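Structure first, then comments.
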Amino acid sequence: MQDAMTGREILDPEAVAGPEIDPSHEIEAGVASGLAELEQVKGERDQLLDRLARLQAEFDNARKREAKERADSRDYAVSNTVEPFLSVMDNFQLALKADGTKEQLRAGVELILKQMEDALKGLNVVPVETVGAQFDPRIHEALGSIETKEFPDHSVLEEIRRGYKIRDKLLRPALVRIAVNSGQVAD
């Protein structure tokens, strides 16, 4: 069939349509497919939520375990540090209870001081070199100076308070008095 005005062919709607399809059947199939997909997504979601909960519990347990291990390590380090000083304290207590002469008390305190120095050496704590050494502001702190012609300029003449290092790290500087020799020109 042709259109009288344009001359184009017109299609017959009945010929083009073909067999009739029931739209309710397509909707039911789409709904069934959607429900199946929804159930699958819900299952995946439940698996992911379960996995997330397990990972969170695992993380919390690891964090608690790490905190406990850190505390145990700190306690172990403190106990190993304190142990050598317990016998020093015992000896000080014995010295306070002792009835002896002034010289005996002094000898006892000197022995305790030696015991304390040995305990520090066991922890790699050593005194800073002072008297006779050249002043070094990285390890010495000058509290004063002494005019002298006998010693080189800036040499340490007196230790007021001992300084200490642990291996190569300074724990505290030594408090010292240094020589000032006006006869020498500082480099």
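To be explicit about the labels: the chains of the structure tokens are called A, B, and onward in the order shown, and within each one the residues are counted from 1, while ligands get numbers from 1 in the order they are shown.
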
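The neighbours of range 124-132 of chain A here are the residues that come within 6 Å of it, using only C-alpha atoms and leaving out any residue fewer than 6 positions away in the same chain; they are Val156, Leu157, Glu158, Gly163, Tyr164, Lys165, Ile166 and Arg167 of chain A.
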
Those residues you just picked out, can you put them in a file as a PDB file, in the first residue's frame with N, CA, C and O atoms?
```
ATOM      1  N   VAL A 156      89.799  21.561  81.138  1.00  0.00           N
ATOM      2  CA  VAL A 156      88.932  21.361  82.298  1.00  0.00           C
ATOM      3  C   VAL A 156      89.819  21.179  83.528  1.00  0.00           C
ATOM      4  O   VAL A 156      90.670  20.293  83.567  1.00  0.00           O
ATOM      5  N   LEU A 157      89.593  22.051  84.537  1.00  0.00           N
ATOM      6  CA  LEU A 157      90.396  21.992  85.771  1.00  0.00           C
ATOM      7  C   LEU A 157      89.660  21.297  86.909  1.00  0.00           C
ATOM      8  O   LEU A 157      90.299  20.669  87.759  1.00  0.00           O
ATOM      9  N   GLU A 158      88.332  21.418  86.928  1.00  0.00           N
ATOM     10  CA  GLU A 158      87.586  20.894  88.073  1.00  0.00           C
ATOM     11  C   GLU A 158      86.241  20.341  87.600  1.00  0.00           C
ATOM     12  O   GLU A 158      85.559  20.951  86.775  1.00  0.00           O
ATOM     13  N   GLY A 163      79.304  13.966  84.497  1.00  0.00           N
ATOM     14  CA  GLY A 163      78.406  13.733  83.377  1.00  0.00           C
ATOM     15  C   GLY A 163      78.486  12.280  82.956  1.00  0.00           C
ATOM     16  O   GLY A 163      79.461  11.586  83.243  1.00  0.00           O
ATOM     17  N   TYR A 164      77.448  11.807  82.251  1.00  0.00           N
ATOM     18  CA  TYR A 164      77.400  10.401  81.855  1.00  0.00           C
ATOM     19  C   TYR A 164      76.935  10.251  80.415  1.00  0.00           C
ATOM     20  O   TYR A 164      76.134  11.040  79.916  1.00  0.00           O
ATOM     21  N   LYS A 165      77.464   9.187  79.775  1.00  0.00           N
ATOM     22  CA  LYS A 165      77.038   8.803  78.430  1.00  0.00           C
ATOM     23  C   LYS A 165      76.606   7.351  78.470  1.00  0.00           C
ATOM     24  O   LYS A 165      77.133   6.561  79.244  1.00  0.00           O
ATOM     25  N   ILE A 166      75.646   7.013  77.636  1.00  0.00           N
ATOM     26  CA  ILE A 166      75.298   5.609  77.414  1.00  0.00           C
ATOM     27  C   ILE A 166      75.733   5.316  75.986  1.00  0.00           C
ATOM     28  O   ILE A 166      75.219   5.907  75.051  1.00  0.00           O
ATOM     29  N   ARG A 167      76.741   4.492  75.881  1.00  0.00           N
ATOM     30  CA  ARG A 167      77.458   4.280  74.619  1.00  0.00           C
ATOM     31  C   ARG A 167      77.935   5.635  74.106  1.00  0.00           C
ATOM     32  O   ARG A 167      78.740   6.256  74.752  1.00  0.00           O
TER      33      ARG A 167
END
```

Among range 7-136 of chain A, which residues carry a DSSP assignment of alpha helix (DSSP H), reported as a VMD selection string?
-> chain A and resid 13 to 17 23 to 97 102 to 122

Let's have the selection written as an mmCIF file, in the first residue's frame, with C-alpha atoms.
```cif
data_model
loop_
_atom_site.group_PDB
_atom_site.id
_atom_site.type_symbol
_atom_site.label_atom_id
_atom_site.label_comp_id
_atom_site.auth_asym_id
_atom_site.auth_seq_id
_atom_site.Cartn_x
_atom_site.Cartn_y
_atom_site.Cartn_z
ATOM 1 C CA PRO A 13 0.230 -2.649 11.183
ATOM 2 C CA GLU A 14 -1.233 -6.119 11.337
ATOM 3 C CA ALA A 15 1.479 -7.509 9.083
ATOM 4 C CA VAL A 16 4.314 -5.940 11.062
ATOM 5 C CA ALA A 17 3.129 -6.850 14.588
ATOM 6 C CA PRO A 23 3.123 -8.453 28.714
ATOM 7 C CA SER A 24 2.269 -9.960 32.129
ATOM 8 C CA HIS A 25 4.561 -12.920 31.382
ATOM 9 C CA GLU A 26 7.491 -10.564 30.696
ATOM 10 C CA ILE A 27 6.864 -8.670 33.947
ATOM 11 C CA GLU A 28 6.731 -11.898 35.967
ATOM 12 C CA ALA A 29 10.003 -13.063 34.402
ATOM 13 C CA GLY A 30 11.639 -9.676 35.156
ATOM 14 C CA VAL A 31 10.390 -9.714 38.750
ATOM 15 C CA ALA A 32 11.617 -13.281 39.267
ATOM 16 C CA SER A 33 15.007 -12.352 37.814
ATOM 17 C CA GLY A 34 15.171 -9.217 39.996
ATOM 18 C CA LEU A 35 14.263 -11.186 43.131
ATOM 19 C CA ALA A 36 16.954 -13.768 42.389
ATOM 20 C CA GLU A 37 19.516 -11.012 41.859
ATOM 21 C CA LEU A 38 18.388 -9.278 45.073
ATOM 22 C CA GLU A 39 18.813 -12.516 47.041
ATOM 23 C CA GLN A 40 22.280 -12.964 45.558
ATOM 24 C CA VAL A 41 23.265 -9.370 46.486
ATOM 25 C CA LYS A 42 21.874 -9.863 50.023
ATOM 26 C CA GLY A 43 23.973 -13.030 50.388
ATOM 27 C CA GLU A 44 27.099 -11.221 49.201
ATOM 28 C CA ARG A 45 26.354 -8.341 51.582
ATOM 29 C CA ASP A 46 25.935 -10.746 54.512
ATOM 30 C CA GLN A 47 29.251 -12.432 53.641
ATOM 31 C CA LEU A 48 31.021 -9.062 53.437
ATOM 32 C CA LEU A 49 29.513 -7.894 56.763
ATOM 33 C CA ASP A 50 30.599 -11.145 58.400
ATOM 34 C CA ARG A 51 34.100 -10.751 56.949
ATOM 35 C CA LEU A 52 34.248 -7.119 58.131
ATOM 36 C CA ALA A 53 33.197 -8.122 61.658
ATOM 37 C CA ARG A 54 35.892 -10.834 61.751
ATOM 38 C CA LEU A 55 38.570 -8.431 60.490
ATOM 39 C CA GLN A 56 37.586 -5.820 63.068
ATOM 40 C CA ALA A 57 37.774 -8.421 65.854
ATOM 41 C CA GLU A 58 41.148 -9.603 64.540
ATOM 42 C CA PHE A 59 42.438 -6.018 64.454
ATOM 43 C CA ASP A 60 41.220 -5.326 68.007
ATOM 44 C CA ASN A 61 42.911 -8.508 69.239
ATOM 45 C CA ALA A 62 46.169 -7.599 67.482
ATOM 46 C CA ARG A 63 46.071 -4.078 68.960
ATOM 47 C CA LYS A 64 45.468 -5.452 72.482
ATOM 48 C CA ARG A 65 48.219 -8.059 72.037
ATOM 49 C CA GLU A 66 50.680 -5.385 70.844
ATOM 50 C CA ALA A 67 49.845 -3.128 73.823
ATOM 51 C CA LYS A 68 50.394 -6.031 76.240
ATOM 52 C CA GLU A 69 53.691 -6.989 74.578
ATOM 53 C CA ARG A 70 54.847 -3.360 74.750
ATOM 54 C CA ALA A 71 53.979 -3.182 78.471
ATOM 55 C CA ASP A 72 55.724 -6.516 79.121
ATOM 56 C CA SER A 73 58.805 -5.324 77.247
ATOM 57 C CA ARG A 74 58.880 -2.067 79.234
ATOM 58 C CA ASP A 75 58.513 -3.975 82.536
ATOM 59 C CA TYR A 76 61.314 -6.344 81.504
ATOM 60 C CA ALA A 77 63.623 -3.442 80.637
ATOM 61 C CA VAL A 78 62.873 -1.660 83.909
ATOM 62 C CA SER A 79 63.414 -4.799 85.972
ATOM 63 C CA ASN A 80 66.761 -5.479 84.269
ATOM 64 C CA THR A 81 67.789 -1.867 84.886
ATOM 65 C CA VAL A 82 66.696 -1.716 88.522
ATOM 66 C CA GLU A 83 68.022 -5.106 89.636
ATOM 67 C CA PRO A 84 71.733 -4.106 89.921
ATOM 68 C CA PHE A 85 70.790 -1.144 92.110
ATOM 69 C CA LEU A 86 68.842 -3.188 94.668
ATOM 70 C CA SER A 87 72.056 -4.536 96.224
ATOM 71 C CA VAL A 88 73.410 -0.969 96.318
ATOM 72 C CA MET A 89 70.334 0.094 98.289
ATOM 73 C CA ASP A 90 70.766 -2.904 100.614
ATOM 74 C CA ASN A 91 74.338 -1.848 101.328
ATOM 75 C CA PHE A 92 73.279 1.754 102.033
ATOM 76 C CA GLN A 93 70.713 0.441 104.532
ATOM 77 C CA LEU A 94 73.367 -1.708 106.192
ATOM 78 C CA ALA A 95 75.721 1.290 106.359
ATOM 79 C CA LEU A 96 73.047 3.369 108.110
ATOM 80 C CA LYS A 97 72.561 0.631 110.737
ATOM 81 C CA LYS A 102 84.021 7.795 110.638
ATOM 82 C CA GLU A 103 86.778 6.104 108.625
ATOM 83 C CA GLN A 104 84.887 2.800 108.512
ATOM 84 C CA LEU A 105 81.742 4.592 107.326
ATOM 85 C CA ARG A 106 83.738 6.415 104.651
ATOM 86 C CA ALA A 107 85.335 3.150 103.468
ATOM 87 C CA GLY A 108 81.874 1.538 103.327
ATOM 88 C CA VAL A 109 80.420 4.414 101.280
ATOM 89 C CA GLU A 110 83.401 4.217 98.887
ATOM 90 C CA LEU A 111 82.698 0.499 98.383
ATOM 91 C CA ILE A 112 79.027 1.246 97.727
ATOM 92 C CA LEU A 113 80.001 3.958 95.230
ATOM 93 C CA LYS A 114 82.247 1.452 93.429
ATOM 94 C CA GLN A 115 79.364 -1.034 93.379
ATOM 95 C CA MET A 116 77.120 1.677 91.892
ATOM 96 C CA GLU A 117 79.699 2.510 89.195
ATOM 97 C CA ASP A 118 79.964 -1.190 88.311
ATOM 98 C CA ALA A 119 76.181 -1.413 88.008
ATOM 99 C CA LEU A 120 76.189 1.570 85.639
ATOM 100 C CA LYS A 121 79.005 0.037 83.562
ATOM 101 C CA GLY A 122 76.886 -3.104 83.238
#
```

Residues within 9 Å of Ile178 in chain A, only C-alpha atoms, excluding chain neighbours under 3 positions, as a ChimeraX atom specification = /A:134-135,142-147,153-158

State, in Å with one decimal place, the distance from CA of Lys149 in chain A to CA of Ala174 in chain A.
->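 Result for CA of Lys149 in chain A versus CA of Ala174 in chain A: 23.7 Å, one decimal.
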